[in-house]
Amino acid sequence: MLAHIVLITLGYAATSPAGLWGTIVDFVVNYPGMLLAVAGTVALVAVVVTSVKAARARLRYESWHLIHLYAYLGAGLALPHQLWTGKEFLSSPVSTVFWWGLYAAAAGSVLLYRVGLPVYRSWRHRLVVTDVRAESPSVTTVVIGGRDLDRLGARAGQFFQWRFLDGPGATRAHPYSLSAAPDGRSLRITAAHLGDGSAALARIKPGTRVMVEGPYGRLHAGVRTRRKVLLMASGIGVTPMRALLEELDQRPGDVTLIYRCRHEDTAILRQELVGLASAKGARLFLVPGRRRQGVESWLPESAGDLDDVSALRQLVPDVADHDVYLCGSAGWMTAAGRAAQAAGVPPRHVHLERFSY
């Protein structure tokens, strides 16, 4: 995009008596839609700059999300100058109608699927908060009720973009996975207080209206290809695994859950996991302790000299015959996925979802 701006300006300036700066002023002031295009370019450049890893690390999720909404504004402001001045768009009425129609269809799709459909679904299903409870001082569970929720098509392991209409910040969506298998009557999420939006969940009141986008994600039973399944989770990543443990069709011994947590006594949803594992005949391993420092590993410091692959085979000797589902921090999932593949699990049988931004 920037090359287009630089090259076309230099090309026009080479044959213009106004010179480089005169050509720039002539473009911006006299050509239709060029002021809008300048504003659109600034917006799109801001989106790209804040996508760089170093910039993302310094931004709150809420700020990052707001800036990225400017991508829509940038694209919308940049397009008119093409349609009003581009020869390819003005060569014939058919060409003009075709290109305007194409852009209108694109804009309509965005409005339909990012605005219209979420508003309709939220209104149709009458989504409302029915219960809020603290799992710990830093983790909150929210239960959302509604009507005909089975028609949303949600599955355990998937996530929605959630908006809780309770005041400031209601326009910002936050991705939270379902922490219980959908039952057609309610949806449940459990989130750690990692930012302003998730911390605000603890203050939500029952009766608050809810808007959703989704369901999204492929971390569900539909991608399963083998009878045996290994669920691996770290920290708050255990929430979709808890839902999968509940929903997966299984015989005793088919499913194993490895949950790496900071402390065994404060493991998120621990009692639910123990109860589900007992009822389903699944194996549950809690792997407590601080993560190893200075090395990319899925193991805690308490694992001693065990390497990632040996530890995984010690817990699940036949891991190579499993589908492996992963959810946790980005670095932890990379290490866990590498260990699973080194233990003989083909890449196509490793399923994961990344929520980093």
# chains A, B, ... in the order shown; residues from 1 in each chain; ligands from 1

$ residues_around --residues "A:Pro288" --least-positions-apart "2" --cutoff "7 Å" --atoms "only C-alpha atoms" --output "short mmCIF file (atom, residue, chain, number, x, y, z; two decimals) with N, CA and C atoms, in the first residue's frame"
data_model
loop_
_atom_site.label_atom_id
_atom_site.label_comp_id
_atom_site.auth_asym_id
_atom_site.auth_seq_id
_atom_site.Cartn_x
_atom_site.Cartn_y
_atom_site.Cartn_z
N ARG A 260 -1.60 -28.70 34.14
CA ARG A 260 -0.49 -28.04 34.82
C ARG A 260 -0.99 -26.78 35.49
N CYS A 261 -0.81 -26.70 36.81
CA CYS A 261 -1.32 -25.58 37.58
C CYS A 261 -0.24 -25.08 38.54
N ARG A 262 -0.41 -23.88 39.05
CA ARG A 262 0.58 -23.32 39.95
C ARG A 262 0.60 -24.05 41.30
N HIS A 263 -0.60 -24.25 41.88
CA HIS A 263 -0.72 -24.95 43.15
C HIS A 263 -1.86 -25.95 43.06
N GLU A 264 -1.67 -27.14 43.57
CA GLU A 264 -2.70 -28.17 43.49
C GLU A 264 -3.97 -27.76 44.23
N LEU A 286 -2.86 -33.93 37.90
CA LEU A 286 -2.53 -32.55 38.23
C LEU A 286 -1.01 -32.44 38.31
N PRO A 300 6.72 -28.36 35.15
CA PRO A 300 7.07 -27.45 36.23
C PRO A 300 8.50 -27.73 36.71
#

$ select_by_dssp --residues "stretch 178-330 of chain A" --states "helix (DSSP H, G or I)" --output "mmCIF file with all heavy atoms, in the first residue's frame"
data_model
loop_
_atom_site.group_PDB
_atom_site.id
_atom_site.type_symbol
_atom_site.label_atom_id
_atom_site.label_comp_id
_atom_site.auth_asym_id
_atom_site.auth_seq_id
_atom_site.Cartn_x
_atom_site.Cartn_y
_atom_site.Cartn_z
ATOM 1 N N ASP A 196 -8.786 -5.752 32.128
ATOM 2 C CA ASP A 196 -9.927 -4.983 32.638
ATOM 3 C C ASP A 196 -11.245 -5.686 32.361
ATOM 4 O O ASP A 196 -12.141 -5.726 33.212
ATOM 5 C CB ASP A 196 -9.943 -3.591 31.994
ATOM 6 C CG ASP A 196 -8.748 -2.746 32.420
ATOM 7 O OD1 ASP A 196 -8.059 -3.158 33.368
ATOM 8 O OD2 ASP A 196 -8.510 -1.695 31.801
ATOM 9 N N GLY A 197 -11.391 -6.254 31.158
ATOM 10 C CA GLY A 197 -12.649 -6.886 30.790
ATOM 11 C C GLY A 197 -12.953 -8.117 31.618
ATOM 12 O O GLY A 197 -14.065 -8.291 32.113
ATOM 13 N N SER A 198 -11.942 -9.000 31.787
ATOM 14 C CA SER A 198 -12.174 -10.220 32.557
ATOM 15 C C SER A 198 -12.330 -9.921 34.042
ATOM 16 O O SER A 198 -13.119 -10.578 34.736
ATOM 17 C CB SER A 198 -11.047 -11.229 32.320
ATOM 18 O OG SER A 198 -9.784 -10.635 32.539
ATOM 19 N N ALA A 199 -11.617 -8.916 34.550
ATOM 20 C CA ALA A 199 -11.781 -8.545 35.961
ATOM 21 C C ALA A 199 -13.180 -8.012 36.240
ATOM 22 O O ALA A 199 -13.734 -8.197 37.329
ATOM 23 C CB ALA A 199 -10.733 -7.510 36.353
ATOM 24 N N ALA A 200 -13.768 -7.361 35.228
ATOM 25 C CA ALA A 200 -15.111 -6.796 35.399
ATOM 26 C C ALA A 200 -16.189 -7.864 35.510
ATOM 27 O O ALA A 200 -17.303 -7.575 35.957
ATOM 28 C CB ALA A 200 -15.427 -5.859 34.235
ATOM 29 N N LEU A 201 -15.878 -9.105 35.106
ATOM 30 C CA LEU A 201 -16.870 -10.171 35.206
ATOM 31 C C LEU A 201 -17.338 -10.372 36.645
ATOM 32 O O LEU A 201 -18.488 -10.735 36.887
ATOM 33 C CB LEU A 201 -16.285 -11.489 34.673
ATOM 34 C CG LEU A 201 -15.981 -11.556 33.172
ATOM 35 C CD1 LEU A 201 -15.351 -12.900 32.831
ATOM 36 C CD2 LEU A 201 -17.228 -11.320 32.338
ATOM 37 N N ALA A 202 -16.434 -10.148 37.594
ATOM 38 C CA ALA A 202 -16.790 -10.349 39.002
ATOM 39 C C ALA A 202 -17.850 -9.362 39.472
ATOM 40 O O ALA A 202 -18.529 -9.614 40.476
ATOM 41 C CB ALA A 202 -15.545 -10.242 39.874
ATOM 42 N N ARG A 203 -18.005 -8.247 38.738
ATOM 43 C CA ARG A 203 -18.961 -7.205 39.161
ATOM 44 C C ARG A 203 -20.274 -7.262 38.389
ATOM 45 O O ARG A 203 -21.169 -6.454 38.620
ATOM 46 C CB ARG A 203 -18.319 -5.825 38.983
ATOM 47 C CG ARG A 203 -17.041 -5.655 39.790
ATOM 48 C CD ARG A 203 -16.556 -4.216 39.750
ATOM 49 N NE ARG A 203 -16.135 -3.802 38.422
ATOM 50 C CZ ARG A 203 -14.913 -3.971 37.937
ATOM 51 N NH1 ARG A 203 -13.983 -4.570 38.678
ATOM 52 N NH2 ARG A 203 -14.584 -3.562 36.721
ATOM 53 N N ALA A 221 -15.126 -31.812 19.757
ATOM 54 C CA ALA A 221 -15.124 -33.247 19.465
ATOM 55 C C ALA A 221 -15.216 -33.546 17.973
ATOM 56 O O ALA A 221 -14.851 -34.652 17.537
ATOM 57 C CB ALA A 221 -16.284 -33.922 20.203
ATOM 58 N N GLY A 222 -15.680 -32.597 17.178
ATOM 59 C CA GLY A 222 -15.829 -32.828 15.748
ATOM 60 C C GLY A 222 -14.522 -33.048 15.013
ATOM 61 O O GLY A 222 -14.514 -33.603 13.906
ATOM 62 N N VAL A 223 -13.386 -32.615 15.586
ATOM 63 C CA VAL A 223 -12.093 -32.821 14.924
ATOM 64 C C VAL A 223 -11.406 -34.088 15.429
ATOM 65 O O VAL A 223 -10.302 -34.408 14.996
ATOM 66 C CB VAL A 223 -11.161 -31.600 15.130
ATOM 67 C CG1 VAL A 223 -11.797 -30.347 14.566
ATOM 68 C CG2 VAL A 223 -10.809 -31.406 16.600
ATOM 69 N N GLY A 235 -3.065 -23.549 33.374
ATOM 70 C CA GLY A 235 -3.741 -22.368 33.896
ATOM 71 C C GLY A 235 -5.199 -22.311 33.508
ATOM 72 O O GLY A 235 -5.930 -23.304 33.559
ATOM 73 N N ILE A 236 -5.640 -21.118 33.057
ATOM 74 C CA ILE A 236 -7.047 -20.922 32.703
ATOM 75 C C ILE A 236 -7.413 -21.693 31.440
ATOM 76 O O ILE A 236 -8.599 -21.855 31.120
ATOM 77 C CB ILE A 236 -7.351 -19.415 32.521
ATOM 78 C CG1 ILE A 236 -8.848 -19.154 32.560
ATOM 79 C CG2 ILE A 236 -6.702 -18.877 31.256
ATOM 80 C CD1 ILE A 236 -9.516 -19.519 33.869
ATOM 81 N N GLY A 237 -6.414 -22.247 30.732
ATOM 82 C CA GLY A 237 -6.685 -23.076 29.566
ATOM 83 C C GLY A 237 -7.411 -24.364 29.895
ATOM 84 O O GLY A 237 -7.838 -25.082 28.990
ATOM 85 N N VAL A 238 -7.592 -24.638 31.181
ATOM 86 C CA VAL A 238 -8.315 -25.848 31.570
ATOM 87 C C VAL A 238 -9.814 -25.713 31.321
ATOM 88 O O VAL A 238 -10.529 -26.726 31.263
ATOM 89 C CB VAL A 238 -8.058 -26.177 33.065
ATOM 90 C CG1 VAL A 238 -8.835 -25.239 33.981
ATOM 91 C CG2 VAL A 238 -8.391 -27.630 33.368
ATOM 92 N N THR A 239 -10.330 -24.499 31.141
ATOM 93 C CA THR A 239 -11.787 -24.331 31.044
ATOM 94 C C THR A 239 -12.394 -25.047 29.832
ATOM 95 O O THR A 239 -13.387 -25.774 29.991
ATOM 96 C CB THR A 239 -12.166 -22.847 31.057
ATOM 97 O OG1 THR A 239 -11.509 -22.150 30.001
ATOM 98 C CG2 THR A 239 -11.781 -22.214 32.391
ATOM 99 N N PRO A 240 -11.854 -24.892 28.607
ATOM 100 C CA PRO A 240 -12.444 -25.662 27.506
ATOM 101 C C PRO A 240 -12.201 -27.159 27.657
ATOM 102 O O PRO A 240 -13.003 -27.978 27.184
ATOM 103 C CB PRO A 240 -11.757 -25.100 26.256
ATOM 104 C CG PRO A 240 -10.492 -24.509 26.745
ATOM 105 C CD PRO A 240 -10.801 -23.983 28.107
ATOM 106 N N MET A 241 -11.104 -27.543 28.329
ATOM 107 C CA MET A 241 -10.837 -28.965 28.540
ATOM 108 C C MET A 241 -11.839 -29.571 29.519
ATOM 109 O O MET A 241 -12.233 -30.734 29.375
ATOM 110 C CB MET A 241 -9.410 -29.153 29.060
ATOM 111 C CG MET A 241 -8.346 -28.650 28.117
ATOM 112 S SD MET A 241 -8.498 -29.404 26.466
ATOM 113 C CE MET A 241 -7.172 -28.575 25.603
ATOM 114 N N ARG A 242 -12.252 -28.787 30.498
ATOM 115 C CA ARG A 242 -13.267 -29.263 31.421
ATOM 116 C C ARG A 242 -14.561 -29.553 30.673
ATOM 117 O O ARG A 242 -15.235 -30.552 30.902
ATOM 118 C CB ARG A 242 -13.489 -28.227 32.521
ATOM 119 C CG ARG A 242 -14.467 -28.668 33.621
ATOM 120 C CD ARG A 242 -15.821 -28.006 33.342
ATOM 121 N NE ARG A 242 -16.814 -28.413 34.339
ATOM 122 C CZ ARG A 242 -17.958 -29.007 34.049
ATOM 123 N NH1 ARG A 242 -18.269 -29.315 32.800
ATOM 124 N NH2 ARG A 242 -18.807 -29.324 35.002
ATOM 125 N N ALA A 243 -14.929 -28.652 29.740
ATOM 126 C CA ALA A 243 -16.138 -28.853 28.940
ATOM 127 C C ALA A 243 -16.006 -30.081 28.043
ATOM 128 O O ALA A 243 -16.945 -30.866 27.892
ATOM 129 C CB ALA A 243 -16.422 -27.607 28.108
ATOM 130 N N LEU A 244 -14.824 -30.259 27.433
ATOM 131 C CA LEU A 244 -14.596 -31.424 26.578
ATOM 132 C C LEU A 244 -14.651 -32.717 27.385
ATOM 133 O O LEU A 244 -15.215 -33.722 26.931
ATOM 134 C CB LEU A 244 -13.241 -31.294 25.881
ATOM 135 C CG LEU A 244 -13.205 -30.427 24.633
ATOM 136 C CD1 LEU A 244 -11.773 -30.097 24.257
ATOM 137 C CD2 LEU A 244 -13.912 -31.114 23.472
ATOM 138 N N LEU A 245 -14.060 -32.708 28.571
ATOM 139 C CA LEU A 245 -14.090 -33.898 29.432
ATOM 140 C C LEU A 245 -15.527 -34.310 29.713
ATOM 141 O O LEU A 245 -15.853 -35.499 29.764
ATOM 142 C CB LEU A 245 -13.359 -33.601 30.740
ATOM 143 C CG LEU A 245 -13.305 -34.733 31.775
ATOM 144 C CD1 LEU A 245 -12.580 -35.952 31.218
ATOM 145 C CD2 LEU A 245 -12.633 -34.242 33.058
ATOM 146 N N GLU A 246 -16.400 -33.323 29.861
ATOM 147 C CA GLU A 246 -17.807 -33.606 30.129
ATOM 148 C C GLU A 246 -18.531 -34.140 28.902
ATOM 149 O O GLU A 246 -19.367 -35.037 29.011
ATOM 150 C CB GLU A 246 -18.490 -32.334 30.630
ATOM 151 C CG GLU A 246 -19.969 -32.494 30.945
ATOM 152 C CD GLU A 246 -20.614 -31.178 31.387
ATOM 153 O OE1 GLU A 246 -19.947 -30.130 31.330
ATOM 154 O OE2 GLU A 246 -21.795 -31.224 31.797
ATOM 155 N N GLU A 247 -18.211 -33.611 27.727
ATOM 156 C CA GLU A 247 -19.004 -33.923 26.526
ATOM 157 C C GLU A 247 -18.499 -35.113 25.727
ATOM 158 O O GLU A 247 -19.284 -35.802 25.072
ATOM 159 C CB GLU A 247 -19.046 -32.690 25.614
ATOM 160 C CG GLU A 247 -19.927 -32.878 24.387
ATOM 161 C CD GLU A 247 -19.947 -31.666 23.471
ATOM 162 O OE1 GLU A 247 -20.727 -30.732 23.747
ATOM 163 O OE2 GLU A 247 -19.169 -31.636 22.497
ATOM 164 N N GLU A 264 -1.672 -27.139 43.570
ATOM 165 C CA GLU A 264 -2.703 -28.171 43.489
ATOM 166 C C GLU A 264 -3.970 -27.757 44.230
ATOM 167 O O GLU A 264 -5.081 -27.999 43.771
ATOM 168 C CB GLU A 264 -2.165 -29.481 44.060
ATOM 169 C CG GLU A 264 -3.114 -30.656 43.870
ATOM 170 C CD GLU A 264 -2.485 -31.980 44.251
ATOM 171 O OE1 GLU A 264 -1.237 -32.062 44.251
ATOM 172 O OE2 GLU A 264 -3.237 -32.934 44.526
ATOM 173 N N ASP A 265 -3.812 -27.095 45.373
ATOM 174 C CA ASP A 265 -4.976 -26.725 46.182
ATOM 175 C C ASP A 265 -5.804 -25.609 45.549
ATOM 176 O O ASP A 265 -6.975 -25.442 45.883
ATOM 177 C CB ASP A 265 -4.528 -26.281 47.586
ATOM 178 C CG ASP A 265 -3.955 -27.435 48.389
ATOM 179 O OD1 ASP A 265 -4.258 -28.581 48.026
ATOM 180 O OD2 ASP A 265 -3.206 -27.178 49.356
ATOM 181 N N THR A 266 -5.193 -24.829 44.666
ATOM 182 C CA THR A 266 -5.915 -23.710 44.043
ATOM 183 C C THR A 266 -6.171 -23.947 42.558
ATOM 184 O O THR A 266 -6.465 -23.005 41.822
ATOM 185 C CB THR A 266 -5.125 -22.397 44.227
ATOM 186 O OG1 THR A 266 -3.813 -22.544 43.647
ATOM 187 C CG2 THR A 266 -5.000 -22.040 45.697
ATOM 188 N N ARG A 270 -11.050 -27.554 40.222
ATOM 189 C CA ARG A 270 -10.468 -28.839 40.599
ATOM 190 C C ARG A 270 -11.535 -29.861 40.997
ATOM 191 O O ARG A 270 -11.509 -31.014 40.542
ATOM 192 C CB ARG A 270 -9.477 -28.638 41.744
ATOM 193 C CG ARG A 270 -8.840 -29.942 42.189
ATOM 194 C CD ARG A 270 -8.035 -29.764 43.455
ATOM 195 N NE ARG A 270 -7.499 -31.030 43.921
ATOM 196 C CZ ARG A 270 -6.952 -31.214 45.112
ATOM 197 N NH1 ARG A 270 -6.886 -30.203 45.959
ATOM 198 N NH2 ARG A 270 -6.488 -32.399 45.465
ATOM 199 N N GLN A 271 -12.448 -29.471 41.862
ATOM 200 C CA GLN A 271 -13.447 -30.431 42.336
ATOM 201 C C GLN A 271 -14.331 -30.931 41.193
ATOM 202 O O GLN A 271 -14.688 -32.114 41.150
ATOM 203 C CB GLN A 271 -14.311 -29.794 43.438
ATOM 204 C CG GLN A 271 -13.551 -29.478 44.716
ATOM 205 C CD GLN A 271 -12.848 -30.705 45.275
ATOM 206 O OE1 GLN A 271 -13.418 -31.803 45.336
ATOM 207 N NE2 GLN A 271 -11.592 -30.536 45.680
ATOM 208 N N GLU A 272 -14.670 -30.050 40.270
ATOM 209 C CA GLU A 272 -15.460 -30.474 39.108
ATOM 210 C C GLU A 272 -14.685 -31.464 38.258
ATOM 211 O O GLU A 272 -15.244 -32.455 37.765
ATOM 212 C CB GLU A 272 -15.866 -29.262 38.278
ATOM 213 C CG GLU A 272 -16.843 -28.320 38.967
ATOM 214 C CD GLU A 272 -17.333 -27.235 38.031
ATOM 215 O OE1 GLU A 272 -17.138 -27.373 36.803
ATOM 216 O OE2 GLU A 272 -17.915 -26.247 38.526
ATOM 217 N N LEU A 273 -13.396 -31.201 38.065
ATOM 218 C CA LEU A 273 -12.567 -32.093 37.256
ATOM 219 C C LEU A 273 -12.463 -33.473 37.896
ATOM 220 O O LEU A 273 -12.571 -34.503 37.216
ATOM 221 C CB LEU A 273 -11.177 -31.486 37.064
ATOM 222 C CG LEU A 273 -11.104 -30.199 36.243
ATOM 223 C CD1 LEU A 273 -9.709 -29.598 36.331
ATOM 224 C CD2 LEU A 273 -11.472 -30.463 34.793
ATOM 225 N N VAL A 274 -12.260 -33.488 39.205
ATOM 226 C CA VAL A 274 -12.159 -34.765 39.922
ATOM 227 C C VAL A 274 -13.471 -35.535 39.801
ATOM 228 O O VAL A 274 -13.492 -36.749 39.539
ATOM 229 C CB VAL A 274 -11.796 -34.526 41.401
ATOM 230 C CG1 VAL A 274 -11.925 -35.815 42.204
ATOM 231 C CG2 VAL A 274 -10.386 -33.962 41.520
ATOM 232 N N GLY A 275 -14.591 -34.837 39.983
ATOM 233 C CA GLY A 275 -15.896 -35.490 39.894
ATOM 234 C C GLY A 275 -16.179 -36.025 38.502
ATOM 235 O O GLY A 275 -16.673 -37.159 38.347
ATOM 236 N N LEU A 276 -15.874 -35.236 37.469
ATOM 237 C CA LEU A 276 -16.106 -35.682 36.096
ATOM 238 C C LEU A 276 -15.216 -36.869 35.738
ATOM 239 O O LEU A 276 -15.660 -37.832 35.099
ATOM 240 C CB LEU A 276 -15.848 -34.529 35.118
ATOM 241 C CG LEU A 276 -16.956 -33.490 34.975
ATOM 242 C CD1 LEU A 276 -16.463 -32.302 34.158
ATOM 243 C CD2 LEU A 276 -18.179 -34.117 34.300
ATOM 244 N N ALA A 277 -13.939 -36.794 36.129
ATOM 245 C CA ALA A 277 -13.018 -37.888 35.823
ATOM 246 C C ALA A 277 -13.497 -39.178 36.463
ATOM 247 O O ALA A 277 -13.456 -40.255 35.846
ATOM 248 C CB ALA A 277 -11.613 -37.534 36.297
ATOM 249 N N SER A 278 -13.988 -39.083 37.685
ATOM 250 C CA SER A 278 -14.488 -40.270 38.375
ATOM 251 C C SER A 278 -15.733 -40.823 37.694
ATOM 252 O O SER A 278 -15.862 -42.031 37.480
ATOM 253 C CB SER A 278 -14.798 -39.923 39.832
ATOM 254 O OG SER A 278 -15.361 -41.026 40.514
ATOM 255 N N ALA A 279 -16.651 -39.931 37.322
ATOM 256 C CA ALA A 279 -17.900 -40.374 36.697
ATOM 257 C C ALA A 279 -17.680 -40.948 35.301
ATOM 258 O O ALA A 279 -18.370 -41.891 34.894
ATOM 259 C CB ALA A 279 -18.877 -39.201 36.632
ATOM 260 N N LYS A 280 -16.717 -40.403 34.566
ATOM 261 C CA LYS A 280 -16.491 -40.820 33.182
ATOM 262 C C LYS A 280 -15.466 -41.952 33.056
ATOM 263 O O LYS A 280 -15.306 -42.523 31.975
ATOM 264 C CB LYS A 280 -15.994 -39.623 32.359
ATOM 265 C CG LYS A 280 -16.966 -38.450 32.297
ATOM 266 C CD LYS A 280 -18.049 -38.689 31.289
ATOM 267 C CE LYS A 280 -18.899 -37.448 31.074
ATOM 268 N NZ LYS A 280 -19.936 -37.643 30.039
ATOM 269 N N GLU A 301 9.024 -26.814 37.544
ATOM 270 C CA GLU A 301 10.364 -26.996 38.092
ATOM 271 C C GLU A 301 10.469 -28.274 38.920
ATOM 272 O O GLU A 301 11.521 -28.910 38.988
ATOM 273 C CB GLU A 301 10.738 -25.786 38.957
ATOM 274 C CG GLU A 301 10.906 -24.496 38.167
ATOM 275 C CD GLU A 301 11.153 -23.306 39.060
ATOM 276 O OE1 GLU A 301 10.800 -23.374 40.255
ATOM 277 O OE2 GLU A 301 11.714 -22.304 38.561
ATOM 278 N N SER A 302 9.363 -28.684 39.541
ATOM 279 C CA SER A 302 9.369 -29.864 40.408
ATOM 280 C C SER A 302 9.573 -31.166 39.645
ATOM 281 O O SER A 302 9.762 -32.224 40.250
ATOM 282 C CB SER A 302 8.064 -29.937 41.202
ATOM 283 O OG SER A 302 6.950 -29.988 40.319
ATOM 284 N N ALA A 303 9.549 -31.131 38.314
ATOM 285 C CA ALA A 303 9.738 -32.342 37.518
ATOM 286 C C ALA A 303 11.177 -32.824 37.533
ATOM 287 O O ALA A 303 11.474 -33.911 37.016
ATOM 288 C CB ALA A 303 9.283 -32.110 36.083
ATOM 289 N N ASP A 308 10.699 -33.275 28.573
ATOM 290 C CA ASP A 308 9.286 -33.129 28.201
ATOM 291 C C ASP A 308 8.694 -34.417 27.634
ATOM 292 O O ASP A 308 7.559 -34.787 27.961
ATOM 293 C CB ASP A 308 9.141 -32.003 27.167
ATOM 294 C CG ASP A 308 9.183 -30.638 27.811
ATOM 295 O OD1 ASP A 308 9.641 -30.537 28.965
ATOM 296 O OD2 ASP A 308 8.761 -29.664 27.163
ATOM 297 N N VAL A 309 9.432 -35.083 26.758
ATOM 298 C CA VAL A 309 8.903 -36.280 26.095
ATOM 299 C C VAL A 309 8.814 -37.451 27.074
ATOM 300 O O VAL A 309 7.803 -38.162 27.128
ATOM 301 C CB VAL A 309 9.768 -36.650 24.877
ATOM 302 C CG1 VAL A 309 9.228 -37.899 24.202
ATOM 303 C CG2 VAL A 309 9.803 -35.486 23.887
ATOM 304 N N SER A 310 9.867 -37.653 27.868
ATOM 305 C CA SER A 310 9.854 -38.759 28.833
ATOM 306 C C SER A 310 8.730 -38.599 29.846
ATOM 307 O O SER A 310 8.058 -39.574 30.208
ATOM 308 C CB SER A 310 11.203 -38.833 29.555
ATOM 309 O OG SER A 310 12.247 -39.100 28.645
ATOM 310 N N ALA A 311 8.520 -37.362 30.309
ATOM 311 C CA ALA A 311 7.456 -37.115 31.280
ATOM 312 C C ALA A 311 6.091 -37.420 30.678
ATOM 313 O O ALA A 311 5.223 -38.015 31.329
ATOM 314 C CB ALA A 311 7.514 -35.661 31.751
ATOM 315 N N LEU A 312 5.898 -37.026 29.417
ATOM 316 C CA LEU A 312 4.620 -37.277 28.763
ATOM 317 C C LEU A 312 4.386 -38.777 28.599
ATOM 318 O O LEU A 312 3.283 -39.288 28.859
ATOM 319 C CB LEU A 312 4.592 -36.569 27.402
ATOM 320 C CG LEU A 312 3.282 -36.588 26.636
ATOM 321 C CD1 LEU A 312 2.158 -35.975 27.466
ATOM 322 C CD2 LEU A 312 3.421 -35.832 25.309
ATOM 323 N N ARG A 313 5.410 -39.509 28.202
ATOM 324 C CA ARG A 313 5.275 -40.967 28.035
ATOM 325 C C ARG A 313 5.101 -41.675 29.379
ATOM 326 O O ARG A 313 4.467 -42.729 29.443
ATOM 327 C CB ARG A 313 6.498 -41.506 27.307
ATOM 328 C CG ARG A 313 6.480 -41.225 25.800
ATOM 329 C CD ARG A 313 7.731 -41.717 25.134
ATOM 330 N NE ARG A 313 7.631 -41.650 23.677
ATOM 331 C CZ ARG A 313 8.676 -41.602 22.863
ATOM 332 N NH1 ARG A 313 9.913 -41.591 23.356
ATOM 333 N NH2 ARG A 313 8.507 -41.548 21.557
ATOM 334 N N GLN A 314 5.643 -41.096 30.440
ATOM 335 C CA GLN A 314 5.476 -41.698 31.752
ATOM 336 C C GLN A 314 4.023 -41.609 32.203
ATOM 337 O O GLN A 314 3.486 -42.544 32.789
ATOM 338 C CB GLN A 314 6.382 -40.989 32.758
ATOM 339 C CG GLN A 314 6.345 -41.594 34.158
ATOM 340 C CD GLN A 314 7.397 -40.987 35.064
ATOM 341 O OE1 GLN A 314 8.578 -40.918 34.698
ATOM 342 N NE2 GLN A 314 6.996 -40.538 36.234
ATOM 343 N N LEU A 315 3.379 -40.477 31.906
ATOM 344 C CA LEU A 315 1.974 -40.311 32.279
ATOM 345 C C LEU A 315 1.038 -41.036 31.321
ATOM 346 O O LEU A 315 0.024 -41.607 31.733
ATOM 347 C CB LEU A 315 1.621 -38.818 32.317
ATOM 348 C CG LEU A 315 2.315 -37.968 33.382
ATOM 349 C CD1 LEU A 315 1.947 -36.498 33.216
ATOM 350 C CD2 LEU A 315 1.951 -38.450 34.776
ATOM 351 N N VAL A 319 0.731 -42.531 24.269
ATOM 352 C CA VAL A 319 0.315 -41.212 23.796
ATOM 353 C C VAL A 319 0.297 -41.129 22.265
ATOM 354 O O VAL A 319 -0.497 -40.382 21.679
ATOM 355 C CB VAL A 319 1.231 -40.111 24.377
ATOM 356 C CG1 VAL A 319 2.666 -40.287 23.916
ATOM 357 C CG2 VAL A 319 0.718 -38.722 24.009
ATOM 358 N N ALA A 320 1.135 -41.898 21.593
ATOM 359 C CA ALA A 320 1.197 -41.851 20.125
ATOM 360 C C ALA A 320 -0.111 -42.291 19.484
ATOM 361 O O ALA A 320 -0.352 -42.004 18.303
ATOM 362 C CB ALA A 320 2.339 -42.721 19.615
ATOM 363 N N ASP A 321 -0.969 -42.977 20.240
ATOM 364 C CA ASP A 321 -2.248 -43.463 19.712
ATOM 365 C C ASP A 321 -3.412 -42.524 20.063
ATOM 366 O O ASP A 321 -4.572 -42.895 19.881
ATOM 367 C CB ASP A 321 -2.557 -44.856 20.275
ATOM 368 C CG ASP A 321 -1.491 -45.876 19.905
ATOM 369 O OD1 ASP A 321 -0.957 -45.778 18.782
ATOM 370 O OD2 ASP A 321 -1.183 -46.755 20.736
ATOM 371 N N ALA A 330 0.753 -19.302 25.075
ATOM 372 C CA ALA A 330 1.334 -19.602 23.765
ATOM 373 C C ALA A 330 2.611 -20.422 23.880
ATOM 374 O O ALA A 330 2.796 -21.431 23.192
ATOM 375 C CB ALA A 330 1.595 -18.300 23.004
#

$ closest_residue --among "A:Val119, A:Leu248, A:Ala191, A:Ala156" --to "A:Arg133" --atoms "only C-alpha atoms"
A:Ala191

$ residues_around --residues "stretch 126-132 of chain A" --least-positions-apart "6" --cutoff "12 Å" --atoms "only C-alpha atoms" --output "number ranges by chain"
A: 118-120, 139-149, 152, 162-166, 185-191, 200-213

$ atom_distance --atom1 "atom CA of A:Ile24" --atom2 "atom CA of A:Leu77"
18.3 Å

$ residues_around --residues "stretch 107-116 of chain A" --least-positions-apart "4" --cutoff "12 Å" --atoms "only C-alpha atoms" --output "PyMOL selection string"
chain A and resi 69+71-73+75-76+79+100-103+120-124+161+171+173+211-214

$ select_by_dssp --residues "stretch 249-281 of chain A" --states "strand (DSSP E)" --output "list in words"
Val255, Thr256, Leu257, Ile258, Tyr259, Arg260 and Cys261 of chain A

$ write_last_selection --atoms "N, CA and C atoms" --output "tab-separated table (two decimals), in the first residue's frame"
chain	number	residue	atom	x	y	z
A	255	VAL	N	-10.02	-41.31	27.85
A	255	VAL	CA	-9.64	-39.89	27.93
A	255	VAL	C	-8.72	-39.66	29.12
A	256	THR	N	-7.67	-38.89	28.89
A	256	THR	CA	-6.74	-38.48	29.94
A	256	THR	C	-6.63	-36.97	29.93
A	257	LEU	N	-6.67	-36.36	31.10
A	257	LEU	CA	-6.49	-34.91	31.24
A	257	LEU	C	-5.24	-34.64	32.07
A	258	ILE	N	-4.29	-33.93	31.48
A	258	ILE	CA	-3.10	-33.46	32.21
A	258	ILE	C	-3.27	-31.96	32.41
A	259	TYR	N	-3.28	-31.54	33.66
A	259	TYR	CA	-3.54	-30.14	34.00
A	259	TYR	C	-2.36	-29.58	34.78
A	260	ARG	N	-1.60	-28.70	34.14
A	260	ARG	CA	-0.49	-28.04	34.82
A	260	ARG	C	-0.99	-26.78	35.49
A	261	CYS	N	-0.81	-26.70	36.81
A	261	CYS	CA	-1.32	-25.58	37.58
A	261	CYS	C	-0.24	-25.08	38.54
